[in-house]
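Student: Contents of entry.csv (CSV, C-alpha atoms):
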```csv
chain,number,residue,atom,x,y,z
L,1,MET,CA,48.0,-82.3,-139.3
L,2,LEU,CA,48.8,-78.6,-139.1
L,3,GLU,CA,46.4,-75.8,-139.8
L,4,ILE,CA,47.3,-72.1,-139.3
L,5,LYS,CA,44.3,-69.8,-139.2
L,6,ASP,CA,44.6,-66.0,-139.8
L,7,LEU,CA,47.7,-65.8,-137.6
L,8,HIS,CA,48.8,-62.4,-136.4
L,9,VAL,CA,52.0,-62.1,-134.4
L,10,VAL,CA,54.1,-59.4,-132.7
L,11,VAL,CA,57.3,-59.5,-130.8
L,12,GLU,CA,56.5,-59.8,-127.1
L,13,GLY,CA,56.0,-56.3,-125.7
L,14,GLU,CA,56.0,-54.6,-129.1
L,15,ASN,CA,53.2,-53.4,-131.3
L,16,GLU,CA,54.5,-53.9,-134.8
L,17,GLU,CA,53.0,-56.9,-136.5
L,18,ILE,CA,55.4,-59.5,-138.1
L,19,LEU,CA,52.8,-61.9,-139.2
L,20,LYS,CA,49.6,-60.3,-140.6
L,21,GLY,CA,47.1,-63.0,-141.2
L,22,VAL,CA,48.9,-66.2,-142.3
L,23,ASN,CA,46.8,-69.2,-143.4
L,24,LEU,CA,48.4,-72.5,-144.1
L,25,LYS,CA,47.2,-76.2,-144.1
L,26,VAL,CA,49.6,-79.1,-144.1
L,27,ASN,CA,48.4,-82.7,-144.3
L,28,LYS,CA,50.2,-85.9,-143.3
L,29,GLY,CA,52.6,-87.2,-146.0
L,30,GLU,CA,53.1,-83.7,-147.5
L,31,ILE,CA,56.2,-81.5,-147.9
L,32,HIS,CA,55.6,-77.8,-148.1
L,33,ALA,CA,58.2,-75.2,-149.0
L,34,ILE,CA,57.9,-71.6,-147.8
L,35,MET,CA,59.9,-69.0,-149.7
L,36,GLY,CA,60.2,-65.3,-149.5
L,37,PRO,CA,62.6,-62.3,-149.2
L,38,ASN,CA,64.4,-61.4,-146.0
L,39,GLY,CA,62.1,-60.1,-143.3
L,40,SER,CA,59.0,-61.6,-144.8
L,41,GLY,CA,58.1,-63.6,-141.6
L,42,LYS,CA,59.2,-67.1,-142.7
L,43,SER,CA,61.4,-67.9,-139.7
L,44,THR,CA,59.0,-66.2,-137.3
L,45,LEU,CA,56.2,-68.5,-138.5
L,46,ALA,CA,58.3,-71.6,-137.8
L,47,LYS,CA,59.3,-70.3,-134.3
L,48,VAL,CA,55.8,-69.4,-133.4
L,49,ALA,CA,54.5,-72.8,-134.4
L,50,ALA,CA,57.2,-74.4,-132.2
L,51,GLY,CA,56.3,-72.1,-129.2
L,52,HIS,CA,59.2,-69.6,-129.1
L,53,PRO,CA,58.5,-67.3,-126.1
L,54,GLU,CA,59.8,-64.2,-127.9
L,55,TYR,CA,56.6,-63.9,-129.8
L,56,GLU,CA,52.9,-63.1,-129.0
L,57,VAL,CA,50.0,-64.3,-131.0
L,58,THR,CA,47.4,-61.5,-131.1
L,59,LYS,CA,44.9,-63.1,-133.4
L,60,GLY,CA,44.3,-66.5,-135.0
L,61,ASP,CA,45.2,-70.0,-134.1
L,62,ILE,CA,47.6,-72.9,-134.7
L,63,ILE,CA,45.9,-76.3,-134.8
L,64,TYR,CA,48.0,-79.4,-134.6
L,65,GLU,CA,46.4,-82.8,-134.8
L,66,GLY,CA,43.0,-81.2,-134.2
L,67,GLU,CA,44.0,-79.2,-131.1
L,68,SER,CA,45.1,-75.6,-130.6
L,69,VAL,CA,48.8,-75.4,-129.4
L,70,LEU,CA,48.7,-71.8,-128.4
L,71,GLU,CA,48.6,-72.6,-124.7
L,72,MET,CA,51.2,-75.3,-124.9
L,73,ASP,CA,54.8,-74.7,-123.8
L,74,PRO,CA,57.6,-75.5,-126.3
L,75,ASP,CA,58.5,-78.8,-124.5
L,76,GLU,CA,54.8,-79.9,-124.7
L,77,ARG,CA,54.8,-79.2,-128.4
L,78,ALA,CA,58.0,-81.2,-128.8
L,79,HIS,CA,56.5,-84.1,-126.8
L,80,ALA,CA,53.5,-83.9,-129.2
L,81,GLY,CA,55.8,-84.4,-132.2
L,82,ILE,CA,56.7,-80.9,-133.4
L,83,PHE,CA,60.4,-80.4,-134.3
L,84,LEU,CA,62.2,-77.1,-135.2
L,85,ALA,CA,65.6,-77.1,-136.9
L,86,PHE,CA,66.9,-73.6,-136.3
L,87,GLN,CA,68.3,-71.3,-138.9
L,88,TYR,CA,71.2,-70.7,-136.6
L,89,PRO,CA,71.7,-73.8,-134.4
L,90,VAL,CA,72.8,-73.0,-130.9
L,91,GLU,CA,75.9,-74.3,-129.2
L,92,VAL,CA,75.5,-76.1,-125.9
L,93,PRO,CA,79.0,-76.3,-124.3
L,94,GLY,CA,79.5,-79.1,-121.8
L,95,VAL,CA,76.6,-81.2,-123.0
L,96,THR,CA,77.4,-84.0,-125.5
L,97,ASN,CA,75.3,-84.9,-128.4
L,98,SER,CA,74.8,-88.3,-127.0
L,99,THR,CA,73.6,-87.1,-123.7
L,100,LEU,CA,71.2,-84.5,-125.1
L,101,LEU,CA,69.7,-86.8,-127.6
L,102,ARG,CA,69.2,-89.7,-125.2
L,103,GLU,CA,67.6,-87.4,-122.6
L,104,SER,CA,65.4,-85.9,-125.3
L,105,TYR,CA,64.4,-89.3,-126.8
L,106,ASN,CA,63.5,-90.7,-123.4
L,107,THR,CA,61.5,-87.6,-122.3
L,108,ILE,CA,59.5,-87.9,-125.5
L,109,ALA,CA,59.1,-91.6,-125.1
L,110,ALA,CA,57.8,-91.3,-121.6
L,111,SER,CA,55.3,-88.6,-122.6
L,112,ARG,CA,54.0,-91.0,-125.3
L,113,GLY,CA,54.0,-94.1,-123.2
L,114,ARG,CA,56.9,-95.7,-125.0
L,115,GLU,CA,59.7,-97.6,-123.5
L,116,GLU,CA,62.8,-95.6,-122.6
L,117,LEU,CA,66.3,-96.7,-123.7
L,118,ASP,CA,69.3,-97.2,-121.4
L,119,PRO,CA,72.7,-95.9,-122.7
L,120,LEU,CA,73.7,-99.2,-124.4
L,121,GLU,CA,70.3,-99.6,-126.1
L,122,PHE,CA,70.4,-96.0,-127.2
L,123,GLN,CA,73.9,-96.4,-128.7
L,124,ASP,CA,72.5,-99.3,-130.8
L,125,TYR,CA,69.5,-97.3,-131.8
L,126,ILE,CA,71.4,-94.3,-133.2
L,127,GLN,CA,74.0,-96.1,-135.3
L,128,ASP,CA,71.8,-96.2,-138.5
L,129,LYS,CA,70.8,-92.6,-137.8
L,130,LEU,CA,74.4,-91.5,-138.0
L,131,GLU,CA,74.6,-93.2,-141.4
L,132,LEU,CA,71.6,-91.2,-142.7
L,133,VAL,CA,73.7,-88.0,-142.6
L,134,GLN,CA,77.1,-89.6,-142.8
L,135,MET,CA,78.2,-88.4,-139.4
L,136,LYS,CA,81.1,-90.1,-137.7
L,137,PRO,CA,80.5,-91.7,-134.2
L,138,GLU,CA,82.9,-89.3,-132.5
L,139,PHE,CA,80.4,-86.5,-133.1
L,140,LEU,CA,78.3,-88.2,-130.4
L,141,GLU,CA,80.8,-87.3,-127.7
L,142,ARG,CA,81.4,-83.7,-128.8
L,143,ALA,CA,79.5,-80.9,-127.1
L,144,VAL,CA,76.4,-79.9,-129.0
L,145,ASN,CA,77.4,-77.8,-132.0
L,146,THR,CA,80.5,-76.5,-130.2
L,147,GLY,CA,83.3,-76.0,-132.6
L,148,PHE,CA,81.1,-77.4,-135.5
L,149,SER,CA,81.3,-75.9,-138.9
L,150,GLY,CA,78.1,-74.4,-140.3
L,151,GLY,CA,77.6,-77.5,-142.4
L,152,GLU,CA,78.2,-79.8,-139.4
L,153,LYS,CA,75.6,-77.9,-137.4
L,154,LYS,CA,73.0,-78.4,-140.1
L,155,ARG,CA,73.8,-82.1,-140.5
L,156,ASN,CA,73.6,-82.4,-136.7
L,157,GLU,CA,70.1,-81.0,-136.6
L,158,ILE,CA,68.9,-83.5,-139.3
L,159,PHE,CA,70.6,-86.2,-137.2
L,160,GLN,CA,68.6,-85.0,-134.2
L,161,MET,CA,65.4,-85.1,-136.3
L,162,ALA,CA,66.2,-88.7,-137.3
L,163,VAL,CA,66.7,-89.8,-133.7
L,164,LEU,CA,63.6,-88.0,-132.3
L,165,GLN,CA,61.3,-89.0,-135.3
L,166,PRO,CA,58.9,-86.0,-135.1
L,167,GLN,CA,55.5,-86.0,-136.8
L,168,LEU,CA,55.9,-82.4,-138.0
L,169,SER,CA,59.3,-81.0,-138.9
L,170,LEU,CA,59.8,-77.3,-139.3
L,171,LEU,CA,63.2,-76.9,-141.1
L,172,ASP,CA,64.4,-73.3,-141.1
L,173,GLU,CA,66.9,-72.7,-143.9
L,174,THR,CA,68.4,-76.1,-143.5
L,175,ASP,CA,70.4,-75.4,-146.8
L,176,SER,CA,72.1,-72.3,-145.4
L,177,GLY,CA,75.9,-72.6,-145.3
L,178,LEU,CA,75.9,-76.0,-147.0
L,179,ASP,CA,78.2,-76.8,-149.9
L,180,ILE,CA,76.8,-78.9,-152.7
L,181,ASP,CA,78.0,-82.3,-151.2
L,182,ALA,CA,76.7,-81.5,-147.7
L,183,LEU,CA,73.4,-80.3,-149.3
L,184,LYS,CA,73.0,-83.6,-151.0
L,185,ILE,CA,73.7,-85.6,-147.8
L,186,VAL,CA,71.2,-83.5,-145.8
L,187,ALA,CA,68.5,-83.7,-148.5
L,188,ASP,CA,69.0,-87.5,-148.9
L,189,GLY,CA,68.6,-87.9,-145.1
L,190,ILE,CA,65.4,-85.9,-145.0
L,191,ASN,CA,64.0,-87.8,-148.0
L,192,LYS,CA,64.7,-91.2,-146.3
L,193,MET,CA,63.0,-90.1,-143.1
L,194,HIS,CA,59.9,-88.6,-144.7
L,195,GLY,CA,56.9,-90.9,-144.9
L,196,GLU,CA,53.1,-90.9,-145.2
L,197,ASP,CA,52.5,-90.4,-141.5
L,198,ASP,CA,54.7,-87.2,-141.0
L,199,ALA,CA,54.9,-83.8,-142.6
L,200,ILE,CA,57.7,-81.4,-143.4
L,201,VAL,CA,57.7,-77.6,-143.8
L,202,LEU,CA,60.9,-76.3,-145.5
L,203,ILE,CA,61.8,-72.7,-145.2
L,204,THR,CA,64.3,-71.6,-147.8
L,205,HIS,CA,65.5,-68.6,-149.9
L,206,TYR,CA,66.7,-70.7,-152.8
L,207,GLN,CA,65.2,-73.1,-155.3
L,208,ARG,CA,68.4,-75.3,-155.2
L,209,LEU,CA,67.2,-77.2,-152.1
L,210,LEU,CA,64.0,-78.1,-154.0
L,211,ASN,CA,66.0,-79.9,-156.6
L,212,TYR,CA,66.8,-82.5,-154.0
L,213,ILE,CA,63.7,-82.4,-151.8
L,214,VAL,CA,60.6,-82.1,-154.1
L,215,PRO,CA,57.8,-80.2,-152.3
L,216,ASP,CA,54.1,-80.9,-152.8
L,217,TYR,CA,53.4,-77.2,-152.4
L,218,VAL,CA,55.4,-74.0,-152.5
L,219,HIS,CA,54.2,-70.9,-150.7
L,220,VAL,CA,55.6,-67.4,-151.0
L,221,MET,CA,55.6,-65.1,-148.0
L,222,ILE,CA,55.8,-61.3,-148.4
L,223,GLY,CA,55.1,-58.7,-145.8
L,224,GLY,CA,53.9,-61.2,-143.2
L,225,LYS,CA,51.4,-63.0,-145.4
L,226,ILE,CA,51.4,-65.9,-147.8
L,227,VAL,CA,50.6,-64.1,-151.1
L,228,LYS,CA,50.8,-67.0,-153.5
L,229,SER,CA,50.8,-70.8,-153.4
L,230,GLY,CA,51.5,-73.4,-156.1
L,231,GLY,CA,53.5,-76.5,-157.0
L,232,LYS,CA,57.3,-76.8,-157.5
L,233,ASP,CA,57.0,-74.8,-160.7
L,234,LEU,CA,56.4,-71.7,-158.6
L,235,ALA,CA,59.9,-72.1,-157.1
L,236,LEU,CA,61.3,-72.2,-160.6
L,237,GLN,CA,59.4,-69.0,-161.5
L,238,LEU,CA,60.9,-67.3,-158.4
L,239,GLU,CA,64.4,-68.4,-159.4
L,240,GLU,CA,63.9,-66.8,-162.8
L,241,LYS,CA,62.0,-63.6,-161.9
L,242,GLY,CA,62.9,-63.0,-158.2
L,243,TYR,CA,60.4,-61.7,-155.7
L,244,ASP,CA,59.7,-58.3,-157.3
L,245,TRP,CA,56.9,-59.5,-159.5
L,246,LEU,CA,55.1,-61.0,-156.5
L,247,GLU,CA,55.6,-57.9,-154.3
L,248,SER,CA,53.7,-55.8,-156.8
L,249,TYR,CA,51.2,-58.7,-157.3
L,250,ALA,CA,50.6,-58.8,-153.5
L,251,THR,CA,50.1,-55.1,-153.3
L,252,VAL,CA,47.4,-55.2,-156.0
L,253,ASN,CA,45.7,-58.4,-155.2
L,254,GLY,CA,46.3,-59.0,-151.5
L,255,GLU,CA,46.6,-62.6,-150.3
L,256,ALA,CA,46.1,-65.2,-153.0
L,257,ASN,CA,46.2,-69.0,-152.8
```
As C-alpha cells, please, write out the structure in this file.
Tutor:
Amino acid sequence: MLEIKDLHVVVEGENEEILKGVNLKVNKGEIHAIMGPNGSGKSTLAKVAAGHPEYEVTKGDIIYEGESVLEMDPDERAHAGIFLAFQYPVEVPGVTNSTLLRESYNTIAASRGREELDPLEFQDYIQDKLELVQMKPEFLERAVNTGFSGGEKKRNEIFQMAVLQPQLSLLDETDSGLDIDALKIVADGINKMHGEDDAIVLITHYQRLLNYIVPDYVHVMIGGKIVKSGGKDLALQLEEKGYDWLESYATVNGEAN
C-alpha cells in the first residue's frame, strides 16, 4: 500500500536535511509503529506523506497504491485515502465538527464515485462512530477542537478517522496528553476500525500505546533515518534501554533493517 524509497527532505527554502534516506514499506492489514527521540524526523515523515507544503522532497519517492504521490496536493492525497492525525490538532473556530465532517465525507465520496449524504443521513451515519470513541453528541455542534482538552482533541481526531474511513492512517503521537482511561478508549476505537484492507502507521515516543495497539512492526528513527526494525519486542527493548544504545549502533552500522 505504501512504499517510501530513499526519502530525503528539507524544510522549504532551507538546506538542512531532516530526512536522510528513509525506506519503509507498509502492506494492507498491517500496523507499523515508528519510535525515536525528539527531532529524529518521525513527525516530518508523516507530514511529508500527507503532503504538508512546508517540506520539500529533494530525493526519493513516496508510492501509495502503486503511484507516486509527490505531485499530488494534500486534498488529492486525502481523497485517495490518506489520513493524518496531527500531533497538535488545530482549532477551527466558527466551524462545527458536524459541518466539517459532512463536507469532508461528501467531498471524498464524490471523488470516489460514492453517494453523498444529506444532513439527516449523515447524522444517522455518524452515531455509531461517536460510540467508538465514547464522544457525546453535543461535540458535533462544537467548533472543531475549540475549547477542547488535549484528550478531547485526540479523541476527536480518531472520531474523524472513523467517519472518513481512510485506507492509510498516519497517527502522529495520538497518545500524547491522554490519561490512561482516554488512552484505552482511543486505542479501542483504532483497533475496532482497523481491518485487512487498511493500514496504520503509529508515531509514538512510548511503548505504553503499544500495550493496547499491537504493531506488526516497530521501526526506530534516529537522525532522519530508520536505523532498526523489528517486532513488538523492539519497543520493549527501547523501554528498558532507551535510545542511547541504538544511537551508537546507528553511528557504527548505519541504517539496518
Student: Listing only residues of segment 7-112 of chain L within 6 Å of segment 172-183 of chain L, what is the closest atom pair and its distance in Å (to one decimal) for each, using only C-alpha atoms, sorted by chain and residue number ascending, as a Markdown table?
Tutor:
```
| residue | atom | partner | partner_atom | distance |
| --- | --- | --- | --- | --- |
| L:Ala85 | CA | L:Asp172 | CA | 5.8 |
| L:Phe86 | CA | L:Asp172 | CA | 5.4 |
| L:Gln87 | CA | L:Asp172 | CA | 4.9 |
```
Student: Which one is closest to Val227 of chain L: L:Glu121, L:Glu247, L:Glu3, L:Glu239? Count all atoms listed in the file.
Tutor: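 Distance minimum relative to Val227 of chain L lands on L:Glu247.
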Student: Show me as a list in words the residues that reach within 12 Å of (76.2, -79.3, -121.3), counting only C-alpha atoms and using the file's own coordinates.
Tutor: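 Residues found, by chain and rising number: Val90, Glu91, Val92, Pro93, Gly94, Val95, Thr96, Asn97, Ser98, Thr99, Leu100, Leu101, Glu103, Glu141, Arg142, Ala143, Val144, Asn145 and Thr146 of chain L.
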Student: Give the answer as one residue: which of L:Pro74, L:Ala80, L:Tyr88, L:Ile126 has the shortest atom-to-atom distance to Arg102 of chain L, using all atoms listed in the file?
Tutor: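 Of the candidates, the smallest distance to Arg102 of chain L is held by L:Ile126.
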Student: Which residue out of L:Glu71, L:Glu76, L:Glu240, L:Glu138 has the minimum interatomic distance to Ser111 of chain L when all atoms listed in the file are used?
Tutor: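 Of the candidates, the smallest distance to Ser111 of chain L is held by L:Glu76.
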Student: Compare L:Lys25, L:Met161, L:Phe83, L:Asn106 by their minimum atom-to-atom distance to Asp118 of chain L, counting only C-alpha atoms, and give me the closest one.
Tutor: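 Distance minimum relative to Asp118 of chain L lands on L:Asn106.
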Student: Between atom CA of Leu19 of chain L and atom CA of Gly224 of chain L, what distance in Å does the model show, to one decimal?
Tutor: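 Atom CA of Leu19 of chain L sits 4.2 Å away from atom CA of Gly224 of chain L.
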Student: Would you work out the distance separating atom CA of Val69 of chain L from atom CA of Glu30 of chain L, expressed in Å to one decimal?
Tutor: 20.4 Å
Student: Could you check how far atom CA of Glu65 of chain L sits from atom CA of Met1 of chain L, in Å to one decimal?
Tutor: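 Answer for the atom CA of Glu65 of chain L to atom CA of Met1 of chain L separation: 4.8 Å.
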Student: Can you tell me which residues surround His52 of chain L at a distance of at most 10 Å, considering all atoms listed in the file, apart from same-chain residues fewer than 5 positions away, and format the answer as a PDB file with C-alpha atoms, keeping the file's coordinate frame?
Tutor:
```pdb
ATOM      1  CA  THR L  44      59.000 -66.200-137.300  1.00  0.00           C
ATOM      2  CA  LEU L  45      56.200 -68.500-138.500  1.00  0.00           C
ATOM      3  CA  ALA L  46      58.300 -71.600-137.800  1.00  0.00           C
ATOM      4  CA  LYS L  47      59.300 -70.300-134.300  1.00  0.00           C
ATOM      5  CA  ASP L  73      54.800 -74.700-123.800  1.00  0.00           C
ATOM      6  CA  PRO L  74      57.600 -75.500-126.300  1.00  0.00           C
TER       7      PRO L  74
END
```
Student: I want to know what sits within 12 Å of Lys129 of chain L, based on only C-alpha atoms, with residues of the same chain fewer than 3 positions away left out; could you give that as a list of chain:residue names?
Tutor: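 Listed by chain and then number, they are L:Leu101, L:Phe122, L:Gln123, L:Asp124, L:Tyr125, L:Ile126, L:Leu132, L:Val133, L:Gln134, L:Met135, L:Lys136, L:Pro137, L:Leu140, L:Arg155, L:Asn156, L:Glu157, L:Ile158, L:Phe159, L:Gln160, L:Met161, L:Ala162, L:Val163, L:Leu164, L:Gln165, L:Gly189, L:Ile190, L:Lys192, L:Met193.
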Student: When you count all atoms listed in the file, which of these residues is closest to Leu130 of chain L: L:Ile31, L:Arg114, L:Val186, L:Val214?
Tutor: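 For Leu130 of chain L, the nearest of the candidates is L:Val186.
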Student: For Leu70 of chain L, which residue among L:Asn211, L:Val26, L:Ile4, L:Leu84 is the nearest when counting only C-alpha atoms?
Tutor: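 Using only C-alpha atoms, the shortest distance to Leu70 of chain L belongs to L:Ile4.
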Student: Which residues, protein or nucleic acid, reach to within 8 Å of (63.7, -66.8, -144.0) in the file's coordinates when using all atoms listed in the file, and can you give that as a list of chain:residue names?
Tutor: L:Met35, L:Gly36, L:Pro37, L:Asn38, L:Gly39, L:Ser40, L:Gly41, L:Lys42, L:Ser43, L:Asp172, L:Glu173, L:Ile203, L:Thr204, L:His205
